[in-house]
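K.L.:
For reference, this is entry_38.txt, and it has compact mmCIF, C-alpha atoms and all ligand atoms.
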```txt
# COMPACT_ATOMS: atom_id res chain seq x y z
CA MET A 119 -103.71 -35.81 133.99
CA LYS A 120 -107.22 -37.22 134.45
CA LYS A 121 -107.87 -40.77 133.29
CA ILE A 122 -109.62 -41.02 129.92
CA THR A 123 -112.58 -43.37 129.71
CA ALA A 124 -114.62 -44.24 126.62
CA CYS A 125 -118.26 -43.17 126.76
CA ILE A 126 -121.24 -44.09 124.67
CA THR A 127 -122.50 -40.66 123.62
CA GLY A 128 -125.24 -41.73 121.22
CA VAL A 129 -127.06 -44.78 119.91
CA CYS A 130 -129.35 -45.65 117.00
CA GLY A 131 -130.85 -48.85 115.66
CA TRP A 132 -132.51 -50.09 112.52
CA VAL A 133 -134.68 -53.13 111.82
CA PRO A 134 -136.30 -54.18 108.53
CA ASP A 135 -140.06 -53.73 108.04
CA TYR A 136 -140.93 -57.35 107.30
CA VAL A 137 -142.32 -59.10 110.40
CA LEU A 138 -142.03 -62.89 110.49
CA THR A 139 -144.52 -64.05 113.12
CA ASN A 140 -144.72 -67.33 115.01
CA GLN A 141 -147.97 -67.96 113.16
CA GLU A 142 -146.20 -67.70 109.79
CA LEU A 143 -143.48 -70.08 111.05
CA GLU A 144 -146.20 -72.55 112.06
CA LYS A 145 -147.00 -72.81 108.34
CA MET A 146 -143.34 -73.32 107.38
CA VAL A 147 -142.13 -75.94 109.91
CA ASP A 148 -143.54 -78.29 112.55
CA THR A 149 -143.75 -75.80 115.40
CA THR A 150 -146.29 -73.84 117.45
CA ASP A 151 -146.58 -70.32 118.78
CA GLU A 152 -146.94 -71.89 122.22
CA TRP A 153 -143.63 -73.83 121.96
CA ILE A 154 -141.69 -70.83 120.68
CA THR A 155 -143.15 -68.44 123.24
CA THR A 156 -142.67 -70.66 126.29
CA ARG A 157 -139.20 -71.96 125.30
CA THR A 158 -137.71 -68.69 124.01
CA GLY A 159 -139.97 -65.69 124.69
CA ILE A 160 -140.02 -64.81 120.97
CA LYS A 161 -143.27 -63.79 119.23
CA GLU A 162 -141.91 -62.29 116.01
CA ARG A 163 -138.69 -61.27 114.30
CA ARG A 164 -137.72 -58.91 111.44
CA ILE A 165 -136.39 -60.16 108.10
CA LEU A 166 -134.46 -58.11 105.54
CA LYS A 167 -135.99 -58.74 102.12
CA GLY A 168 -134.70 -57.41 98.82
CA GLU A 169 -132.24 -58.54 96.19
CA GLY A 170 -128.65 -57.55 96.89
CA LEU A 171 -129.24 -56.22 100.40
CA GLY A 172 -126.73 -57.51 102.92
CA THR A 173 -125.89 -56.77 106.54
CA SER A 174 -124.11 -53.52 105.62
CA PHE A 175 -127.45 -52.11 104.40
CA MET A 176 -128.78 -52.25 107.96
CA ALA A 177 -125.48 -51.17 109.52
CA VAL A 178 -125.36 -48.07 107.31
CA LYS A 179 -128.98 -47.19 108.14
CA ALA A 180 -128.27 -47.32 111.88
CA ALA A 181 -124.97 -45.44 111.58
CA LYS A 182 -126.41 -42.73 109.28
CA ASP A 183 -129.25 -42.10 111.72
CA LEU A 184 -126.71 -41.83 114.53
CA LEU A 185 -124.49 -39.33 112.69
CA ALA A 186 -127.57 -37.25 111.82
CA LYS A 187 -128.83 -37.35 115.39
CA LYS A 188 -125.44 -36.34 116.77
CA LYS A 189 -124.93 -33.78 113.95
CA ILE A 190 -121.51 -35.27 113.23
CA ASP A 191 -119.67 -34.92 109.93
CA PRO A 192 -118.62 -38.43 108.78
CA LEU A 193 -115.11 -37.05 108.21
CA GLU A 194 -114.77 -36.71 112.01
CA ILE A 195 -115.04 -40.48 112.54
CA ASP A 196 -111.64 -41.99 113.41
CA ALA A 197 -112.56 -45.67 113.25
CA ILE A 198 -115.45 -48.02 112.55
CA ILE A 199 -115.66 -51.48 114.08
CA CYS A 200 -118.42 -53.74 112.78
CA ALA A 201 -119.29 -56.70 114.95
CA THR A 202 -120.96 -59.20 112.66
CA ALA A 203 -121.23 -62.92 111.99
CA THR A 204 -122.86 -62.31 108.60
CA PRO A 205 -120.64 -59.83 106.72
CA ASP A 206 -121.66 -58.94 103.17
CA MET A 207 -118.87 -61.18 101.87
CA PRO A 208 -116.21 -63.42 103.52
CA PHE A 209 -113.77 -60.64 102.64
CA PRO A 210 -113.09 -57.72 102.60
CA ALA A 211 -114.35 -56.46 105.94
CA MET A 212 -117.91 -55.17 105.81
CA ALA A 213 -116.76 -52.15 107.83
CA CYS A 214 -114.92 -50.89 104.72
CA THR A 215 -118.22 -50.79 102.79
CA VAL A 216 -119.94 -49.13 105.73
CA ALA A 217 -117.24 -46.44 105.91
CA ASP A 218 -117.52 -45.84 102.17
CA LYS A 219 -121.32 -45.54 102.25
CA LEU A 220 -121.13 -43.16 105.20
CA GLY A 221 -118.41 -41.04 103.60
CA ALA A 222 -116.16 -41.68 106.62
CA LYS A 223 -113.01 -41.18 104.58
CA ASN A 224 -110.73 -40.59 107.58
CA ALA A 225 -111.74 -43.75 109.43
CA PHE A 226 -109.88 -47.04 109.50
CA SER A 227 -112.41 -49.83 109.56
CA PHE A 228 -112.50 -53.50 110.38
CA ASP A 229 -114.87 -56.31 111.30
CA LEU A 230 -114.77 -58.25 114.53
CA MET A 231 -116.20 -61.75 114.78
CA ALA A 232 -117.14 -63.10 118.17
CA ALA A 233 -120.64 -64.34 117.27
CA CYS A 234 -123.28 -63.18 119.75
CA SER A 235 -120.64 -61.64 122.03
CA GLY A 236 -119.20 -59.61 119.15
CA PHE A 237 -120.77 -56.30 120.11
CA LEU A 238 -119.29 -56.53 123.62
CA TYR A 239 -115.87 -57.46 122.26
CA ALA A 240 -116.05 -54.58 119.76
CA LEU A 241 -117.11 -52.12 122.44
CA VAL A 242 -114.15 -53.09 124.61
CA THR A 243 -111.77 -52.97 121.62
CA GLY A 244 -113.01 -49.51 120.63
CA SER A 245 -112.78 -48.28 124.20
CA LYS A 246 -109.09 -49.18 124.32
CA PHE A 247 -108.36 -46.98 121.27
CA ILE A 248 -110.15 -44.10 123.02
CA GLU A 249 -108.43 -44.70 126.37
CA ALA A 250 -105.04 -44.71 124.63
CA GLY A 251 -105.69 -41.07 123.80
CA GLY A 252 -105.27 -40.90 120.03
CA TYR A 253 -108.87 -41.37 118.91
CA LYS A 254 -111.88 -39.14 119.54
CA LYS A 255 -114.84 -40.65 117.70
CA ILE A 256 -115.31 -44.36 117.06
CA LEU A 257 -118.43 -46.02 115.67
CA ILE A 258 -119.19 -49.46 117.06
CA ILE A 259 -121.80 -51.27 115.01
CA GLY A 260 -123.48 -54.59 115.78
CA ALA A 261 -125.37 -55.96 112.79
CA ASP A 262 -126.50 -59.28 111.41
CA LYS A 263 -128.68 -60.56 108.62
CA MET A 264 -129.20 -63.91 110.32
CA SER A 265 -131.87 -64.84 107.76
CA SER A 266 -129.01 -65.24 105.25
CA ILE A 267 -127.59 -68.23 107.19
CA ILE A 268 -130.76 -69.78 108.60
CA ASP A 269 -132.33 -72.94 107.22
CA TYR A 270 -136.06 -72.22 107.10
CA THR A 271 -136.78 -75.95 107.00
CA ASN A 272 -135.06 -76.50 110.38
CA ARG A 273 -137.42 -75.76 113.27
CA GLU A 274 -134.60 -75.89 115.83
CA THR A 275 -132.96 -72.73 114.51
CA CYS A 276 -135.38 -70.87 112.25
CA VAL A 277 -137.67 -69.79 115.07
CA ILE A 278 -134.89 -68.12 117.03
CA PHE A 279 -133.09 -65.65 114.81
CA GLY A 280 -133.90 -62.31 113.18
CA ASP A 281 -132.21 -59.42 111.37
CA GLY A 282 -131.24 -56.02 112.76
CA ALA A 283 -128.50 -53.50 113.48
CA GLY A 284 -127.47 -51.00 116.10
CA ALA A 285 -124.71 -48.42 116.30
CA VAL A 286 -123.13 -46.49 119.15
CA LEU A 287 -120.68 -43.61 119.16
CA LEU A 288 -117.71 -43.82 121.53
CA GLU A 289 -116.02 -40.60 122.68
CA PRO A 290 -113.51 -39.79 125.43
CA ASN A 291 -114.55 -38.61 128.87
CA THR A 292 -112.51 -37.50 131.90
CA GLU A 293 -115.30 -37.39 134.49
CA GLY A 294 -115.44 -41.09 135.27
CA PHE A 295 -118.35 -42.02 132.99
CA GLY A 296 -118.48 -44.68 130.29
CA ILE A 297 -116.98 -48.13 130.12
CA ILE A 298 -115.64 -48.71 133.60
CA ASP A 299 -114.80 -52.40 133.50
CA SER A 300 -115.16 -55.51 131.35
CA ILE A 301 -114.69 -59.27 131.55
CA LEU A 302 -114.47 -61.20 128.28
CA LYS A 303 -114.14 -64.98 128.08
CA THR A 304 -113.80 -67.75 125.50
CA ASP A 305 -113.97 -71.54 125.48
CA GLY A 306 -113.31 -73.05 122.06
CA ALA A 307 -114.51 -76.47 123.22
CA GLY A 308 -118.01 -75.07 122.67
CA CYS A 309 -117.50 -74.84 118.90
CA GLU A 310 -118.95 -78.29 118.31
CA PHE A 311 -122.38 -77.20 119.56
CA LEU A 312 -122.83 -74.02 117.49
CA HIS A 313 -121.15 -73.39 114.14
CA MET A 314 -121.47 -73.40 110.36
CA LYS A 315 -120.15 -76.62 108.90
CA ALA A 316 -119.02 -75.41 105.46
CA GLY A 317 -117.87 -72.31 103.65
CA GLY A 318 -114.72 -71.85 105.71
CA SER A 319 -111.17 -73.03 105.04
CA ILE A 320 -111.75 -76.51 106.48
CA LYS A 321 -114.61 -77.25 104.12
CA PRO A 322 -114.90 -74.76 101.26
CA ALA A 323 -118.21 -74.43 99.46
CA SER A 324 -119.00 -77.19 96.96
CA ILE A 325 -122.06 -78.71 95.34
CA GLU A 326 -121.95 -81.37 98.08
CA THR A 327 -121.90 -78.85 100.95
CA VAL A 328 -124.81 -76.95 99.42
CA ASN A 329 -126.83 -80.12 98.93
CA ALA A 330 -126.08 -81.18 102.51
CA ARG A 331 -127.39 -77.79 103.74
CA GLU A 332 -124.10 -77.08 105.49
CA HIS A 333 -124.07 -73.32 104.90
CA PHE A 334 -126.61 -72.67 107.64
CA VAL A 335 -126.34 -72.23 111.41
CA TYR A 336 -125.91 -75.60 113.11
CA GLN A 337 -126.92 -75.56 116.76
CA ASN A 338 -127.29 -78.30 119.33
CA GLY A 339 -129.48 -76.08 121.45
CA ASN A 340 -129.49 -77.77 124.82
CA PRO A 341 -125.71 -77.79 125.57
CA VAL A 342 -125.57 -74.18 124.36
CA PHE A 343 -128.49 -73.31 126.62
CA LYS A 344 -126.82 -74.92 129.64
CA ALA A 345 -123.51 -73.15 129.03
CA ALA A 346 -125.27 -69.83 128.37
CA ILE A 347 -127.46 -69.91 131.44
CA THR A 348 -124.47 -70.60 133.71
CA ASN A 349 -121.83 -68.43 132.13
CA MET A 350 -123.89 -65.31 131.40
CA ALA A 351 -125.13 -65.26 134.99
CA ASP A 352 -121.65 -66.03 136.40
CA VAL A 353 -119.86 -63.32 134.44
CA SER A 354 -122.51 -60.74 135.33
CA ALA A 355 -122.22 -61.61 139.02
CA GLU A 356 -118.41 -61.54 138.71
CA ILE A 357 -118.28 -58.03 137.27
CA MET A 358 -120.68 -56.77 139.94
CA GLU A 359 -118.57 -58.27 142.70
CA LYS A 360 -115.36 -56.90 141.18
CA ASN A 361 -116.86 -53.41 141.23
CA ASN A 362 -118.61 -53.68 144.61
CA LEU A 363 -122.05 -53.45 143.03
CA ALA A 364 -125.19 -54.99 144.54
CA GLY A 365 -128.51 -55.46 142.75
CA LYS A 366 -129.78 -52.17 144.18
CA ASP A 367 -126.91 -50.29 142.51
CA ILE A 368 -127.79 -51.49 139.01
CA ALA A 369 -130.21 -49.42 136.93
CA TRP A 370 -130.37 -51.79 133.94
CA LEU A 371 -129.26 -55.18 132.75
CA VAL A 372 -128.71 -54.98 128.98
CA PRO A 373 -128.63 -58.65 127.99
CA HIS A 374 -128.02 -60.38 124.69
CA GLN A 375 -131.45 -61.56 123.55
CA ALA A 376 -131.02 -65.28 122.82
CA ASN A 377 -133.63 -66.79 125.09
CA LYS A 378 -135.83 -65.17 127.74
CA ARG A 379 -135.07 -68.01 130.14
CA ILE A 380 -131.32 -67.22 129.95
CA ILE A 381 -132.05 -63.53 130.58
CA ASP A 382 -134.33 -64.32 133.53
CA ALA A 383 -131.67 -66.54 135.14
CA THR A 384 -129.03 -63.81 134.73
CA ALA A 385 -131.30 -61.15 136.25
CA LYS A 386 -132.17 -63.42 139.18
CA ARG A 387 -128.50 -64.11 139.88
CA MET A 388 -127.83 -60.35 139.85
CA GLY A 389 -130.69 -59.68 142.26
CA LEU A 390 -132.69 -57.64 139.71
CA ASP A 391 -136.42 -57.67 139.14
CA ASP A 392 -137.95 -57.55 135.66
CA SER A 393 -138.36 -53.78 135.74
CA LYS A 394 -134.57 -53.40 135.44
CA VAL A 395 -134.12 -55.74 132.50
CA MET A 396 -134.16 -54.58 128.88
CA LEU A 397 -136.16 -57.17 126.96
CA ASN A 398 -137.20 -56.92 123.31
CA ILE A 399 -136.67 -60.56 122.28
CA GLN A 400 -140.43 -60.89 121.76
CA LYS A 401 -140.22 -58.40 118.85
CA TYR A 402 -136.87 -59.11 117.25
CA GLY A 403 -135.70 -62.60 118.31
CA ASN A 404 -131.95 -63.11 118.36
CA THR A 405 -130.30 -60.60 116.03
CA THR A 406 -126.84 -61.82 117.16
CA ASN A 407 -124.65 -58.68 117.17
CA GLY A 408 -127.67 -56.40 116.97
CA THR A 409 -129.33 -57.31 120.25
CA ILE A 410 -127.48 -55.12 122.74
CA PRO A 411 -127.30 -51.87 120.73
CA LEU A 412 -130.96 -52.34 119.72
CA CYS A 413 -131.84 -52.50 123.43
CA LEU A 414 -129.81 -49.37 124.21
CA TRP A 415 -131.55 -47.59 121.33
CA GLU A 416 -135.05 -48.55 122.48
CA TRP A 417 -134.37 -47.68 126.12
CA GLU A 418 -132.21 -44.59 125.51
CA LYS A 419 -134.87 -42.14 126.72
CA GLN A 420 -135.18 -44.01 130.02
CA LEU A 421 -131.45 -43.87 130.73
CA HIS A 422 -130.07 -41.22 133.05
CA LYS A 423 -126.63 -39.78 133.60
CA GLY A 424 -124.87 -41.87 136.24
CA ASP A 425 -126.99 -45.02 135.76
CA ASN A 426 -125.04 -48.24 136.26
CA LEU A 427 -125.58 -50.64 133.37
CA ILE A 428 -124.37 -54.21 133.00
CA LEU A 429 -124.15 -55.40 129.40
CA ALA A 430 -123.90 -59.20 129.14
CA ALA A 431 -123.78 -61.74 126.32
CA PHE A 432 -123.09 -65.37 125.49
CA GLY A 433 -122.66 -66.96 122.08
CA ALA A 434 -120.85 -69.25 119.69
CA GLY A 435 -117.19 -69.94 120.30
CA PHE A 436 -118.15 -70.26 123.06
CA SER A 437 -117.60 -66.60 123.80
CA TRP A 438 -119.17 -64.53 126.55
CA GLY A 439 -118.65 -61.49 128.72
CA ALA A 440 -119.98 -58.54 130.67
CA ILE A 441 -119.29 -54.81 130.62
CA TYR A 442 -119.95 -52.30 133.39
CA VAL A 443 -121.03 -48.93 131.95
CA LYS A 444 -121.73 -45.73 133.87
CA TRP A 445 -124.15 -43.98 131.50
CA GLN A 446 -123.06 -40.51 130.43
CA TYR A 447 -126.11 -38.52 129.39
CA ASN A 448 -129.79 -37.76 129.73
CA SER A 449 -131.67 -37.79 126.42
O1 LIG B 1 -127.20 -66.55 120.91
C1 LIG B 1 -126.37 -67.61 120.61
C2 LIG B 1 -126.37 -68.62 121.66
N1 LIG B 1 -127.53 -69.45 121.56
C3 LIG B 1 -128.31 -69.62 122.59
O2 LIG B 1 -128.10 -69.06 123.63
C4 LIG B 1 -129.43 -70.60 122.43
C5 LIG B 1 -129.45 -71.54 123.60
N2 LIG B 1 -130.43 -72.60 123.46
C6 LIG B 1 -131.75 -72.37 123.55
O3 LIG B 1 -132.19 -71.25 123.69
C7 LIG B 1 -132.63 -73.58 123.62
O4 LIG B 1 -131.85 -74.73 123.74
C8 LIG B 1 -133.56 -73.72 122.39
C9 LIG B 1 -134.61 -72.63 122.39
C10 LIG B 1 -132.76 -73.66 121.11
C11 LIG B 1 -134.29 -75.06 122.47
O5 LIG B 1 -134.99 -75.17 123.70
P1 LIG B 1 -134.79 -76.44 124.63
O6 LIG B 1 -135.69 -76.24 125.78
O7 LIG B 1 -133.33 -76.59 124.92
O8 LIG B 1 -135.33 -77.61 123.74
P2 LIG B 1 -134.55 -78.89 123.20
O9 LIG B 1 -133.55 -78.52 122.18
O10 LIG B 1 -134.10 -79.72 124.37
O11 LIG B 1 -135.75 -79.65 122.49
C12 LIG B 1 -136.88 -80.13 123.21
C13 LIG B 1 -137.87 -80.69 122.22
C14 LIG B 1 -137.25 -81.65 121.22
O12 LIG B 1 -138.19 -82.68 120.96
P3 LIG B 1 -138.05 -84.10 121.68
O13 LIG B 1 -136.71 -84.63 121.28
O14 LIG B 1 -138.16 -83.82 123.15
O15 LIG B 1 -139.22 -84.85 121.13
C15 LIG B 1 -137.08 -80.83 119.98
O16 LIG B 1 -137.09 -81.59 118.80
O17 LIG B 1 -138.45 -79.63 121.44
C16 LIG B 1 -138.30 -79.95 120.05
N3 LIG B 1 -138.19 -78.71 119.31
C17 LIG B 1 -139.25 -78.02 118.85
N4 LIG B 1 -140.57 -78.25 118.93
C18 LIG B 1 -141.40 -77.36 118.38
C19 LIG B 1 -137.06 -78.05 118.96
N5 LIG B 1 -137.36 -76.93 118.28
C20 LIG B 1 -138.73 -76.90 118.19
C21 LIG B 1 -139.65 -76.00 117.62
N6 LIG B 1 -140.96 -76.27 117.75
N7 LIG B 1 -139.25 -74.88 116.99
```
Show the structure stored in the file as structure tokens.
Ligand code: UT7
P.N.:
Amino acid sequence: MKKITACITGVCGWVPDYVLTNQELEKMVDTTDEWITTRTGIKERRILKGEGLGTSFMAVKAAKDLLAKKKIDPLEIDAIICATATPDMPFPAMACTVADKLGAKNAFSFDLMAACSGFLYALVTGSKFIEAGGYKKILIIGADKMSSIIDYTNRETCVIFGDGAGAVLLEPNTEGFGIIDSILKTDGAGCEFLHMKAGGSIKPASIETVNAREHFVYQNGNPVFKAAITNMADVSAEIMEKNNLAGKDIAWLVPHQANKRIIDATAKRMGLDDSKVMLNIQKYGNTTNGTIPLCLWEWEKQLHKGDNLILAAFGAGFSWGAIYVKWQYNS
């Protein structure tokens, strides 16, 4: 029997209309367009406005567009995995709401939290269900409403993040396409540099935690930057070496969009020039779990059957990883 691999057979993304520019941020905190652009590569980001709209709103938009594009009945979906750091509520899993809104009544659904590496972790998790043989259609969604956990008085974090969602469909393949290999890593010692101080079981929400602004992203940027620049490049080089791939064999690097300087260092290490790097950080900033599927969505028409892609990410945890994908279709 031929080996089953899990293939991405479709992708869609969704971002809110509201554009928060560097110029608008200049009026909110002590920053400049020049600082943000040179240090991060970001020019603007999207923000989800509207009472009662959470991350699932964007996840459902992306997933609905994908089902329509693929002409798939929601009842055919076997499972939904939502990678998110900003679920609608601490519990239940946001994926349950997404399944309900899609009408995916036959799907089991759960969230996966690995911060900015979540989409990669979810993709690998979903691929294992497919490879095991019992599941035919799995939705992997990466979505975050980062604006819900960002302190817009803190210039160190508010310039970086944005809101957005992307969804891919995973299906089985027996011709050697799809997710060929993956390396996922974690180092919990990195927690101290990037976390949310309150709202979890160590420090539940209280008047004091709200007043101390502890329900927002805390980041000590420089140690995170140093770990990201080393580890994202290392893991990308490692997966290439493991699969006997040189720079010339890679069609696209699909990097997590946290900082253009981290992406540039990863591409350099892989021996890739800019023309092979998906980059949309200037438009969307860091959408956490949304970055990689949003890239795939925007570049889908330029992808060809047989293209070798390296997906790579680094984020809180620390968590990081790389996936080698042999693309399955021409659009
Ligand atoms: O996706 C999740 C993982 N996260 C990441 O990968 C993020 C990794 N870190 C980074 O991308 C960078 O560390 C940042 C973009 C967050 C910061 O860039 P940096 O080059 O590491 O700057 P820094 O934190 O060392 O700060 C340099 C200076 C400081 O001022 P002093 O102490 O030198 O006077 C900061 O206070 O820049 C200042 N600064 C700002 N200035 C203007 C920090 N944020 C801003 C700002 N505007 N928005």
K.L.:
With a distance cut-off of 8 Å and all atoms listed in the file, select the neighbouring residues of segment 233-246 of chain A, excluding the residue or stretch itself and same-chain residues fewer than 3 positions from it, and output the selection as a PyMOL selection string.
P.N.:
chain A and resi 123-125+199-203+230+249-250+256+258-260+288+297+300+302+374+406-408+410-411+429-435+437-441
K.L.:
The centre and edge lengths of an axis-aligned box containing all atoms of ligand LIG 1 (chain B) present in the file, extended by 3 Å on each side, are to be given in Å to one decimal, as AutoDock Vina command-line options.
P.N.:
```
--center_x -133.9 --center_y -75.7 --center_z 121.4 --size_x 21.0 --size_y 24.3 --size_z 14.8
```
K.L.:
Pick out the closest residue to Ser449 of chain A from this set: A:Ala211, A:Ile325, A:Lys167, A:Lys187. Count only C-alpha atoms.
P.N.:
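Checking each candidate against Ser449 of chain A, we get A:Lys187 as the closest.
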K.L.:
To one decimal place in Å, what is the distance between atom CA of Asp148 of chain A and atom O15 of ligand LIG 1 (chain B)?
P.N.:
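Atom-to-atom, atom CA of Asp148 of chain A and atom O15 of ligand LIG 1 (chain B) are spaced 11.6 Å apart.
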K.L.:
So the first atom is atom CA of Gly317 of chain A and the second is atom CA of Glu169 of chain A; what is the distance between them in Å, to one decimal place?
P.N.:
21.3 Å
K.L.:
Could I see segment 312-320 of chain A restored to all heavy atoms, set down as a compact mmCIF listing (two decimals), keeping the file's coordinate frame?
P.N.:
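The result, stored in rebuild29.txt:
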```txt
# COMPACT_ATOMS: atom_id res chain seq x y z
N LEU A 312 -122.24 -75.17 118.20
CA LEU A 312 -122.83 -74.02 117.49
C LEU A 312 -121.82 -73.51 116.47
O LEU A 312 -120.79 -72.93 116.84
CB LEU A 312 -123.19 -72.93 118.53
CG LEU A 312 -123.86 -71.66 118.06
CD1 LEU A 312 -125.07 -71.92 117.18
CD2 LEU A 312 -124.28 -70.80 119.26
N HIS A 313 -122.10 -73.78 115.19
CA HIS A 313 -121.15 -73.39 114.14
C HIS A 313 -121.81 -73.51 112.77
O HIS A 313 -122.96 -73.94 112.65
CB HIS A 313 -119.89 -74.28 114.20
CG HIS A 313 -120.18 -75.75 114.05
ND1 HIS A 313 -120.27 -76.62 115.11
CD2 HIS A 313 -120.42 -76.52 112.96
CE1 HIS A 313 -120.54 -77.84 114.68
NE2 HIS A 313 -120.64 -77.80 113.37
N MET A 314 -121.04 -73.15 111.74
CA MET A 314 -121.47 -73.40 110.36
C MET A 314 -120.50 -74.41 109.77
O MET A 314 -119.28 -74.20 109.82
CB MET A 314 -121.46 -72.11 109.55
CG MET A 314 -122.03 -72.32 108.16
SD MET A 314 -121.85 -70.86 107.13
CE MET A 314 -123.05 -69.79 107.89
N LYS A 315 -121.02 -75.49 109.25
CA LYS A 315 -120.15 -76.62 108.90
C LYS A 315 -119.27 -76.35 107.68
O LYS A 315 -118.14 -76.83 107.60
CB LYS A 315 -120.99 -77.88 108.65
CG LYS A 315 -121.70 -78.32 109.93
CD LYS A 315 -122.14 -79.76 109.89
CE LYS A 315 -122.78 -80.16 111.20
NZ LYS A 315 -121.87 -80.09 112.36
N ALA A 316 -119.79 -75.59 106.70
CA ALA A 316 -119.02 -75.41 105.46
C ALA A 316 -118.93 -73.94 105.08
O ALA A 316 -119.62 -73.09 105.64
CB ALA A 316 -119.68 -76.21 104.33
N GLY A 317 -118.03 -73.69 104.12
CA GLY A 317 -117.87 -72.31 103.65
C GLY A 317 -116.62 -71.66 104.21
O GLY A 317 -116.23 -70.57 103.78
N GLY A 318 -115.98 -72.35 105.16
CA GLY A 318 -114.72 -71.85 105.71
C GLY A 318 -113.56 -72.59 105.08
O GLY A 318 -113.73 -73.34 104.11
N SER A 319 -112.36 -72.44 105.66
CA SER A 319 -111.17 -73.03 105.04
C SER A 319 -111.08 -74.54 105.26
O SER A 319 -110.40 -75.25 104.51
CB SER A 319 -109.91 -72.34 105.55
OG SER A 319 -109.88 -72.35 106.95
N ILE A 320 -111.77 -75.06 106.28
CA ILE A 320 -111.75 -76.51 106.48
C ILE A 320 -112.57 -77.21 105.40
O ILE A 320 -112.15 -78.23 104.85
CB ILE A 320 -112.32 -76.88 107.88
CG1 ILE A 320 -111.35 -76.45 108.97
CG2 ILE A 320 -112.62 -78.38 107.98
CD1 ILE A 320 -111.81 -76.79 110.37
```
